[in-house]
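K.L.:
Dropping the structure in here first, questions after.
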Amino acid sequence: MSFKDNGKYLSGGRFSLTPLFVLFLFPVTLLAQREKKELTLNECVVYAREYSASALMARQTFLSAYWRYRSYQAEFLPSLRFEGTLPSFNRRLARYQLPDGNYKYIQENASTLSGALLLSQRIGWTGTRLFLRTSAERHDLFGERTSTDYMTTPVQVGLEHSFFGVNTLKWKRKVEPKRYEEAKRTYLQTLEQVTQEATNLFFNLLFAQQRLIAARLNRANADTLYRIAKGRYNIGTIAENDLLQMELDLLNETNSESEEEVNLQHAQFQLLTYLGLKSSYDLRPIPPAPYTGDTLSYPQMLELARQNNPTPLRLQIQNIEADQGVAEARSEQGFQLNLSASYGLTQQAANLPDAYRTPLDQQGVALNVAIPILDWGQGAGRLKIARSNRELTVVRSQKALYEFEQQVFLQVMRYNRLNDVLRVASKADTIAQNRFNITKQRFLIGKIGVLDLDKAQSDRDDARMSYWQAIRSSWIAYYQLRELTLFDPQSKQPLPLDFQTLLR
């Protein structure tokens with residue numbers, strides 16, 4: 001019997017299916033206008049890792065960390081910089097002191113042009129800054145007494161050093177390589193998280209598809225059983241209560257079919273949006289085989305997680321930064337001694353060539369001292385705070401590392417149980433299907449009632465969805481273990497990624 005005939009048949013009773021038919025037909029019409037595209041789980045993962053917004057954000061986060069690391073490396077290389085004033089012009093009253101101690105105001109009308117090249121280099125182990133400088137300056141007077149003169153410094157070398165200050169380059173040398181390595185591991189980990197999210201959305205669509213298939217099958221069965229029940233009611237072999245229950249089941253299954261159509265479209269749009277695909281696609285997920293793997297050793301997986309996961313490295317960085325905070329607080333509290341020294345050649349003349357002839361030497365030395373005498377305990381307080389923060393960081397790191405090891409243990413346990421879970425779910429699905437078929441046949445010959453049939457059907461649907469849930473759980477457990485260890489238990493190799501290609 002067609003759906004149209006079925007609607008006409010039911011409308012003759014106490015319920016009309018015309019609104020339900022329109023609601024059911026609307027999503028079907030939308031799906032018919034979209035381009036059908038089959039999608040495997042592997043294709044879904046590839047799309048997500050390449051085009052999803054989460055993957056693109058992870059890529060940009062890694063690139064930001066890469067350029068930060070490149071900037072850190074550049075701090076150990078010589079830098080060349082131009083400095084200049086092009087020009088500086090002043091027209092004003094200027095005060096000058098005369099030999100007798102009085103002041104005189106004169107009209108100043110002058111401009112100055114200057115330029116300098118500065119080559120500097122920092123020494124990482126000591127924090128000392130060395131520099132080499134060359135400069136030239138032109139000074140012009142305007143008005144009644146016009147004149148021009150030049151002053152040059154052909155070469156000047158010098159250094160700046162802090163004896164008791166914190167050497168930031170020393171601490172950066174400890175932290176920045178670890179931070180860059182953490183960024184690489186975090187990027188790999190994020191891709192595994194993207195893979196898990198895509199896998200969940202893929203199976204959500206697959207579940208919606210399977211539920212729709214089950215809903216259509218249940219509606220067809222309900223329609224058949226209702227027609228049979230009505231015939232048996234007419235000959236008096238079943239009660240009116242059972243007939244009404246069968247009619248109610250048919251109406252419920254019809255509504256369920258319409259709802260599953262909407263749920264299917266919702267799951268499709270969610271997956272399309274996440275993968276960055278066109279919304280005009282009508283995705284048809286291809287059911288994947290369950291993931292099965294060999295039993296893994298927890299000590300081996302824990303060692304891989306310690307080596308590859310960014311969490312232990314992040315904890316190391318936090319401890320180093322806490323030690324740096326203590327060193328900075330101690331430096332600010334205590335005696336400070338800074339040295340700056342320079343030696344160079346200089347000359348002045350009325351023209352630029354003469355300003356470079358027979359230069360005179362110049363020297364400069366400065367020793368700056370800072371000794372805290374009375375700060376009302378501010379320095380000591382900052383040092384105690386820094387030490388307390390370091391102890392707190394150490395305790396938190398130990399707790400986080402312990403929780404991390406527990407997480408690895410539980411994940412390995414879940415992974416090793418996959419085969420047993422899949423075997424039980426598959427057997428339960430087969431048993432539930434066979435039980436429903438037997439129950440349906442017994443109902444048709446009048447051996448059992450409607451409630452027993454409904455229970456068998458519900459158990460069959462639940463067992464089928466539990467089986468698909470077990471398949472999803474097997475793939476999620478596989479990707480979660482990859483996320484923790486950055487190691488593929490299937491290929492027995494570390495997760496591959498060409499970072500040089502990523503940086504292009």
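Ligands are numbered from 1 in the order shown, chains are lettered A, B, ... in the order of the structure tokens, and residues start at 1 in each chain.
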Quick one: residues within 7 Å of region 49-51 of chain A, only C-alpha atoms counted, chain neighbours fewer than 6 positions away excluded, as a VMD selection string?
P.N.:
chain A and resid 191 194 to 195 275 to 276
K.L.:
Keeping only N, CA and C atoms, take the residues you just selected and write them out as a short mmCIF file (atom, residue, chain, number, x, y, z; two decimals), in the first residue's frame.
P.N.:
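File produced: selection-v2.cif:
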data_model
loop_
_atom_site.label_atom_id
_atom_site.label_comp_id
_atom_site.auth_asym_id
_atom_site.auth_seq_id
_atom_site.Cartn_x
_atom_site.Cartn_y
_atom_site.Cartn_z
N LEU A 191 45.64 19.00 15.91
CA LEU A 191 45.14 18.30 14.73
C LEU A 191 44.43 17.00 15.14
N VAL A 194 41.08 18.02 16.35
CA VAL A 194 40.24 18.31 15.18
C VAL A 194 39.74 17.01 14.58
N THR A 195 40.62 16.03 14.51
CA THR A 195 40.23 14.72 13.97
C THR A 195 39.12 14.10 14.79
N LEU A 275 33.68 21.18 8.20
CA LEU A 275 34.68 20.80 7.19
C LEU A 275 34.97 21.91 6.20
N GLY A 276 34.15 22.96 6.20
CA GLY A 276 34.35 24.04 5.24
C GLY A 276 33.93 23.67 3.84
#
K.L.:
Name all residues at most 12 Å from region 289-300 of chain A (count only C-alpha atoms; drop same-chain ones fewer than 2 positions away) and give them as number ranges by chain.
P.N.:
A: 40-42, 286-287, 302-307, 405-423, 425-426, 467-479, 481, 485, 487-492
K.L.:
Please measure the separation of CA of Val326 (chain A) and CA of Gly381 (chain A), giving the value in Å to one decimal.
P.N.:
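CA of Val326 (chain A) sits 11.5 Å away from CA of Gly381 (chain A).
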K.L.:
Distance CA of Gln363 (chain A)-CA of Tyr150 (chain A), one decimal place?
P.N.:
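These two atoms are separated by 20.1 Å.
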K.L.:
Counting only C-alpha atoms, what is within 12 Å of Pro353 (chain A), bar same-chain residues fewer than 3 positions away, as an MDAnalysis selection string?
P.N.:
chainID A and resid 136 149:152 154 347:350 356:359
K.L.:
Output as a PyMOL selection string all residues of region 43-192 of chain A that backbone DSSP marks as alpha helix (DSSP H).
P.N.:
chain A and resi 43-51+53-74+168-192
K.L.:
Within 10 Å of region 497-499 of chain A, counting only C-alpha atoms, which residues qualify if same-chain residues fewer than 3 places away don't, as a PyMOL selection string?
P.N.:
chain A and resi 62-63+184+187-188+494+502-504
K.L.:
Please produce a file of the residues just selected, as a JSON list (two decimals), in the first residue's frame, where the atoms kept are C-alpha atoms.
P.N.:
[["chain", "number", "residue", "atom", "x", "y", "z"],
["A", 62, "PHE", "CA", 51.93, 27.67, 15.35],
["A", 63, "LEU", "CA", 53.22, 30.23, 12.84],
["A", 184, "LYS", "CA", 55.08, 22.01, 17.43],
["A", 187, "TYR", "CA", 49.94, 21.81, 16.79],
["A", 188, "LEU", "CA", 50.10, 18.05, 16.29],
["A", 494, "PRO", "CA", 55.49, 8.97, 15.50],
["A", 502, "LEU", "CA", 53.81, 24.30, 6.80],
["A", 503, "LEU", "CA", 56.10, 27.34, 7.03],
["A", 504, "ARG", "CA", 56.06, 28.06, 3.30]]
K.L.:
Could you name the residues that touch Tyr281 (chain A) at 8 Å or less, counting only C-alpha atoms, but leaving out those on the same chain fewer than 3 positions away, as a count of residues only?
P.N.:
7
K.L.:
Can you list, as a ChimeraX atom specification, every residue of region 57-272 of chain A that DSSP puts in strand (DSSP E)?
P.N.:
/A:79-97,103-122,129-141,147-162
K.L.:
Quick one: residues within 9 Å of region 453-463 of chain A, only C-alpha atoms, excluding same-chain residues fewer than 3 positions away - as an MDAnalysis selection string?
P.N.:
chainID A and resid 211 214 218 249 425:426 428:437 439:440 442:443 448:450 466:468
K.L.:
Within 8 Å of Asn167 (chain A), counting only C-alpha atoms, which residues qualify if same-chain residues fewer than 6 places away don't, as a VMD selection string?
P.N.:
chain A and resid 124 to 127
